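Visitor: Quick one, coords.cif (mmCIF, C-alpha atoms):
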data_start
loop_
_atom_site.label_atom_id
_atom_site.label_comp_id
_atom_site.auth_asym_id
_atom_site.auth_seq_id
_atom_site.Cartn_x
_atom_site.Cartn_y
_atom_site.Cartn_z
CA ASP A 1 -12.26 18.87 -16.61
CA SER A 2 -13.36 19.57 -13.05
CA ASP A 3 -15.65 22.46 -12.27
CA PRO A 4 -13.61 25.56 -11.27
CA SER A 5 -15.43 25.58 -7.92
CA PHE A 6 -13.20 22.65 -6.97
CA SER A 7 -9.88 24.48 -7.52
CA THR A 8 -9.36 25.17 -3.79
CA ILE A 9 -10.56 22.52 -1.37
CA SER A 10 -11.08 23.36 2.31
CA LEU A 11 -10.44 20.45 4.64
CA ALA A 12 -12.04 20.09 8.06
CA LEU A 13 -10.28 18.53 11.04
CA ASP A 14 -13.46 16.67 12.02
CA GLY A 15 -13.09 14.27 9.08
CA SER A 16 -15.94 15.73 7.03
CA GLN A 17 -14.98 16.51 3.48
CA GLY A 18 -17.96 18.37 2.01
CA VAL A 19 -16.76 19.83 -1.30
CA LEU A 20 -14.24 17.02 -1.73
CA GLU A 21 -17.02 14.43 -1.48
CA GLU A 22 -19.08 16.45 -3.95
CA MET A 23 -16.14 16.47 -6.39
CA PHE A 24 -15.53 12.72 -6.01
CA ALA A 25 -19.22 12.04 -6.67
CA THR A 26 -18.80 13.58 -10.14
CA THR A 27 -17.21 10.27 -11.19
CA ALA A 28 -20.75 8.94 -11.72
CA GLY A 29 -21.00 7.55 -15.23
CA GLN A 30 -17.24 7.82 -15.81
CA GLY A 31 -16.51 4.10 -15.54
CA ARG A 32 -14.69 2.23 -12.85
CA GLY A 33 -11.08 2.77 -11.93
CA LEU A 34 -9.03 5.11 -9.81
CA HIS A 35 -10.11 8.66 -10.63
CA PHE A 36 -7.57 11.44 -10.04
CA PHE A 37 -8.58 15.07 -9.56
CA PHE A 38 -6.05 17.87 -9.80
CA VAL A 39 -6.83 20.90 -7.66
CA ASP A 40 -4.85 24.08 -7.14
CA ARG A 41 -4.49 23.66 -3.39
CA PHE A 42 -5.94 22.47 -0.11
CA GLU A 43 -6.74 24.75 2.82
CA GLY A 44 -6.87 23.61 6.43
CA GLY A 45 -6.10 20.11 7.51
CA PHE A 46 -3.49 19.18 10.10
CA PRO A 47 -1.97 22.30 11.76
CA GLY A 48 1.58 22.97 10.60
CA ALA A 49 1.38 20.58 7.64
CA THR A 50 0.79 21.16 3.95
CA VAL A 51 -1.70 18.73 2.46
CA ALA A 52 -0.49 17.49 -0.92
CA GLY A 53 -3.21 14.94 -1.62
CA VAL A 54 -6.30 13.26 -0.24
CA SER A 55 -7.66 9.80 -0.93
CA GLY A 56 -11.40 9.21 -0.76
CA GLY A 57 -10.73 6.29 1.56
CA ILE A 58 -8.32 3.64 2.76
CA PRO A 59 -9.30 1.81 0.72
CA GLY A 60 -11.53 3.78 -1.57
CA PRO A 61 -14.74 2.14 -2.78
CA PRO A 62 -13.75 -0.24 -5.59
CA LEU A 63 -16.01 -0.63 -8.59
CA ALA A 64 -18.23 2.23 -7.35
CA PRO A 65 -17.86 5.40 -9.43
CA GLY A 66 -20.15 8.21 -8.32
CA ASN A 67 -19.59 7.50 -4.64
CA PRO A 68 -18.56 10.47 -2.43
CA SER A 69 -15.27 8.63 -1.84
CA SER A 70 -14.59 7.65 -5.46
CA GLY A 71 -11.39 9.46 -6.13
CA VAL A 72 -8.05 10.92 -5.18
CA ALA A 73 -7.34 14.65 -5.18
CA VAL A 74 -3.83 16.02 -5.67
CA ALA A 75 -2.79 19.65 -5.17
CA ILE A 76 -0.76 20.99 -8.08
CA SER A 77 0.73 23.72 -5.85
CA SER A 78 2.35 21.14 -3.55
CA ALA A 79 4.52 19.88 -6.42
CA MET A 80 6.07 23.34 -6.89
CA GLY A 81 6.49 22.69 -10.61
CA ASP A 82 8.29 19.36 -10.15
CA PRO A 83 6.61 16.56 -12.12
CA GLY A 84 8.46 13.94 -10.04
CA THR A 85 6.91 15.29 -6.84
CA LEU A 86 3.48 15.32 -8.46
CA ALA A 87 3.95 11.70 -9.57
CA HIS A 88 5.06 10.72 -6.06
CA VAL A 89 1.97 12.30 -4.46
CA MET A 90 -0.24 10.56 -7.04
CA ALA A 91 1.37 7.18 -6.32
CA HIS A 92 1.15 7.70 -2.55
CA GLU A 93 -2.51 8.76 -2.56
CA GLY A 94 -3.33 6.04 -5.10
CA GLY A 95 -1.73 3.60 -2.65
CA HIS A 96 -4.14 4.80 0.04
CA TRP A 97 -7.11 4.39 -2.30
CA LEU A 98 -6.02 0.83 -3.06
CA GLY A 99 -5.69 0.01 0.65
CA LEU A 100 -2.29 1.09 2.00
CA PHE A 101 -1.80 3.04 5.23
CA HIS A 102 1.11 5.31 6.17
CA THR A 103 4.21 3.54 7.45
CA SER A 104 3.68 5.51 10.69
CA GLU A 105 1.58 8.38 12.01
CA VAL A 106 2.44 11.31 14.26
CA VAL A 107 0.21 9.74 16.93
CA GLY A 108 2.56 6.73 17.05
CA THR A 109 0.59 4.11 15.12
CA GLU A 110 2.33 2.12 12.40
CA ASP A 111 1.08 0.07 9.48
CA GLN A 112 0.50 -3.57 10.29
CA HIS A 113 2.81 -5.11 7.69
CA PRO A 114 5.64 -6.74 9.66
CA GLU A 115 8.35 -6.00 7.11
CA THR A 116 7.46 -2.31 6.67
CA PRO A 117 9.68 -0.14 8.89
CA GLY A 118 7.97 2.41 11.10
CA GLY A 119 9.04 5.84 12.24
CA GLN A 120 11.81 7.68 10.41
CA ALA A 121 13.16 4.31 9.21
CA GLY A 122 10.20 4.17 6.84
CA ASP A 123 11.26 7.29 4.94
CA THR A 124 12.38 5.23 1.93
CA HIS A 125 8.87 3.82 1.51
CA LEU A 126 6.11 5.14 -0.72
CA MET A 127 3.67 5.36 2.16
CA PHE A 128 5.93 7.47 4.40
CA PRO A 129 3.67 10.36 5.46
CA ALA A 130 5.63 13.21 3.88
CA VAL A 131 6.11 14.52 0.36
CA GLY A 132 9.45 13.35 -0.93
CA GLY A 133 9.43 9.95 0.74
CA GLY A 134 10.78 6.97 -1.12
CA THR A 135 9.24 4.60 -3.61
CA THR A 136 9.71 1.25 -1.85
CA ILE A 137 6.73 -0.94 -1.04
CA SER A 138 7.05 -4.04 1.10
CA PRO A 139 6.05 -7.48 -0.22
CA SER A 140 2.86 -7.52 1.84
CA GLN A 141 1.97 -3.99 0.69
CA GLY A 142 2.41 -5.25 -2.87
CA ARG A 143 -0.04 -8.07 -2.12
CA VAL A 144 -2.58 -5.54 -0.82
CA LEU A 145 -2.29 -3.58 -4.08
CA ARG A 146 -2.55 -6.67 -6.29
CA LEU A 147 -5.57 -7.98 -4.36
CA SER A 148 -7.56 -4.75 -4.50
CA ALA A 149 -10.97 -5.45 -6.01
CA GLU A 150 -10.36 -2.60 -8.45
CA VAL A 151 -7.16 -4.27 -9.71
CA VAL A 152 -8.50 -7.84 -9.70
CA ALA A 153 -11.71 -6.81 -11.55
CA GLN A 154 -9.75 -5.41 -14.49
#
Show how you would write the structure in this file as structure tokens.
Guide:
Amino acid sequence: DSDPSFSTISLALDGSQGVLEEMFATTAGQGRGLHFFFVDRFEGGFPGATVAGVSGGIPGPPLAPGNPSSGVAVAISSAMGDPGTLAHVMAHEGGHWLGLFHTSEVVGTEDQHPETPGGQAGDTHLMFPAVGGGTTISPSQGRVLRLSAEVVAQ
């Protein structure tokens, strides 16, 4: 039930989110939990890459609806009609919001969980930074998810 003005979200490379933060703030009064927003598409972002989803933070602010980071946005267009792809993007971005980082980044950094493979070896993991990655999470990533204040407070 998002306002139609949020159907296309422009992303800035400087880290500012503007309209995205405004959309996430609409969670005020909606109760705690992980709030998902479905948008048509994202514009901008990393050159040469299609943005499929954006988390309000890593982690997002637990127990704080109405915050400019209180949500996850997923682009319907990135799924190309495939509900499995949409579910994967939701799980991946939800993982970010609950505290998980990518298995590796193009700048060479890797997540700090010792049993999570970096680089292309991480492509079977949920937090691999590309649509269509796997669904595996490492034991320590599982602990991060289970210990999220949003999960524990339920």
Visitor: What does the structure give for the distance between atom CA of His35 of chain A and atom CA of Ser140 of chain A, in Å to one decimal?
Guide: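 Going from atom CA of His35 of chain A over to atom CA of Ser140 of chain A, I get 24.2 Å.
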Visitor: With a distance cut-off of 9 Å and only C-alpha atoms, select the neighbouring residues of Gly31 of chain A, excluding the residue or stretch itself and same-chain residues fewer than 3 positions from it, and output the selection as a short mmCIF file (atom, residue, chain, number, x, y, z; two decimals) with C-alpha atoms, in the frame of the given file.
Guide:
data_model
loop_
_atom_site.label_atom_id
_atom_site.label_comp_id
_atom_site.auth_asym_id
_atom_site.auth_seq_id
_atom_site.Cartn_x
_atom_site.Cartn_y
_atom_site.Cartn_z
CA THR A 27 -17.21 10.27 -11.19
CA ALA A 28 -20.75 8.94 -11.72
CA LEU A 63 -16.01 -0.63 -8.59
CA ALA A 64 -18.23 2.23 -7.35
CA PRO A 65 -17.86 5.40 -9.43
#
Visitor: Considering only C-alpha atoms, state which residue in the set A:Phe37, A:Met23, A:Ser78, A:Gly95 is at the smallest distance from Val51 of chain A.
Guide: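 Selected residue with least distance to Val51 of chain A: A:Ser78.
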Visitor: With all atoms listed in the file as the basis for distance, which of A:Gly44, A:Ala87, A:Leu98, A:Asp82 is at the shortest distance from Gly56 of chain A?
Guide: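 Nearest candidate to Gly56 of chain A out of A:Gly44, A:Ala87, A:Leu98, A:Asp82: A:Leu98.
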Visitor: I need the residue set behind the PyMOL selection byres ((chain A and resi 125) around 7) for this file; please write it as a short mmCIF file (atom, residue, chain, number, x, y, z; two decimals) with C-alpha atoms, in the frame of the given file.
Guide:
data_model
loop_
_atom_site.label_atom_id
_atom_site.label_comp_id
_atom_site.auth_asym_id
_atom_site.auth_seq_id
_atom_site.Cartn_x
_atom_site.Cartn_y
_atom_site.Cartn_z
CA GLY A 122 10.20 4.17 6.84
CA ASP A 123 11.26 7.29 4.94
CA THR A 124 12.38 5.23 1.93
CA LEU A 126 6.11 5.14 -0.72
CA MET A 127 3.67 5.36 2.16
CA PHE A 128 5.93 7.47 4.40
CA GLY A 133 9.43 9.95 0.74
CA GLY A 134 10.78 6.97 -1.12
CA THR A 135 9.24 4.60 -3.61
CA THR A 136 9.71 1.25 -1.85
CA ILE A 137 6.73 -0.94 -1.04
#
Visitor: What is the atom CA of Pro4 of chain A to atom CA of Glu93 of chain A distance in Å?
Guide: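 The value is 21.9 Å.
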Visitor: Give me, please, the distance in Å between atom CA of Asn67 of chain A and atom CA of Thr103 of chain A, quoted to one decimal.
Guide: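 Result for atom CA of Asn67 of chain A versus atom CA of Thr103 of chain A: 27.0 Å, one decimal.
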Visitor: Determine the nearest neighbour of Phe38 of chain A from the options A:Ser10, A:Ser138, A:Thr109, A:Ser77, counting all atoms listed in the file.
Guide: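 Using all atoms listed in the file, Phe38 of chain A sits closest to A:Ser77.
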Visitor: Counting all atoms listed in the file, which of A:Gly99, A:Gly81, A:Gly53, A:Gly29 gets nearest to Gly66 of chain A?
Guide: A:Gly29
Visitor: Could you check which of A:His88, A:Leu100, A:Gly33, A:Val107 is closest to Ala149 of chain A, using all atoms listed in the file?
Guide: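 The answer is A:Gly33, which sits nearest to Ala149 of chain A.
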Visitor: Mind telling me what the PyMOL selection byres ((chain A and resi 9) around 12) catches here, as an mmCIF file with C-alpha atoms, in the frame of the given file?
Guide:
data_model
loop_
_atom_site.group_PDB
_atom_site.id
_atom_site.type_symbol
_atom_site.label_atom_id
_atom_site.label_comp_id
_atom_site.auth_asym_id
_atom_site.auth_seq_id
_atom_site.Cartn_x
_atom_site.Cartn_y
_atom_site.Cartn_z
ATOM 1 C CA PRO A 4 -13.610 25.560 -11.270
ATOM 2 C CA SER A 5 -15.430 25.580 -7.920
ATOM 3 C CA PHE A 6 -13.200 22.650 -6.970
ATOM 4 C CA SER A 7 -9.880 24.480 -7.520
ATOM 5 C CA THR A 8 -9.360 25.170 -3.790
ATOM 6 C CA SER A 10 -11.080 23.360 2.310
ATOM 7 C CA LEU A 11 -10.440 20.450 4.640
ATOM 8 C CA ALA A 12 -12.040 20.090 8.060
ATOM 9 C CA GLN A 17 -14.980 16.510 3.480
ATOM 10 C CA GLY A 18 -17.960 18.370 2.010
ATOM 11 C CA VAL A 19 -16.760 19.830 -1.300
ATOM 12 C CA LEU A 20 -14.240 17.020 -1.730
ATOM 13 C CA GLU A 21 -17.020 14.430 -1.480
ATOM 14 C CA GLU A 22 -19.080 16.450 -3.950
ATOM 15 C CA MET A 23 -16.140 16.470 -6.390
ATOM 16 C CA PHE A 24 -15.530 12.720 -6.010
ATOM 17 C CA PHE A 37 -8.580 15.070 -9.560
ATOM 18 C CA PHE A 38 -6.050 17.870 -9.800
ATOM 19 C CA VAL A 39 -6.830 20.900 -7.660
ATOM 20 C CA ASP A 40 -4.850 24.080 -7.140
ATOM 21 C CA ARG A 41 -4.490 23.660 -3.390
ATOM 22 C CA PHE A 42 -5.940 22.470 -0.110
ATOM 23 C CA GLU A 43 -6.740 24.750 2.820
ATOM 24 C CA GLY A 44 -6.870 23.610 6.430
ATOM 25 C CA GLY A 45 -6.100 20.110 7.510
ATOM 26 C CA VAL A 51 -1.700 18.730 2.460
ATOM 27 C CA ALA A 52 -0.490 17.490 -0.920
ATOM 28 C CA GLY A 53 -3.210 14.940 -1.620
ATOM 29 C CA VAL A 54 -6.300 13.260 -0.240
ATOM 30 C CA ALA A 73 -7.340 14.650 -5.180
ATOM 31 C CA VAL A 74 -3.830 16.020 -5.670
ATOM 32 C CA ALA A 75 -2.790 19.650 -5.170
ATOM 33 C CA ILE A 76 -0.760 20.990 -8.080
#
Visitor: For Met90 of chain A, which of A:Val72, A:Arg146, A:Gly60, A:Pro117 is the closest residue, counting only C-alpha atoms?
Guide: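 Using only C-alpha atoms, Met90 of chain A sits closest to A:Val72.
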Visitor: Report, as lines of an AutoDock Vina configuration file, the axis-aligned box around all atoms of segment 2-7 of chain A present in the file, extended by 6 Å on each side; give centre and edge lengths in Å to one decimal place.
Guide:
center_x = -12.8
center_y = 22.6
center_z = -10.0
size_x = 17.8
size_y = 18.0
size_z = 18.1
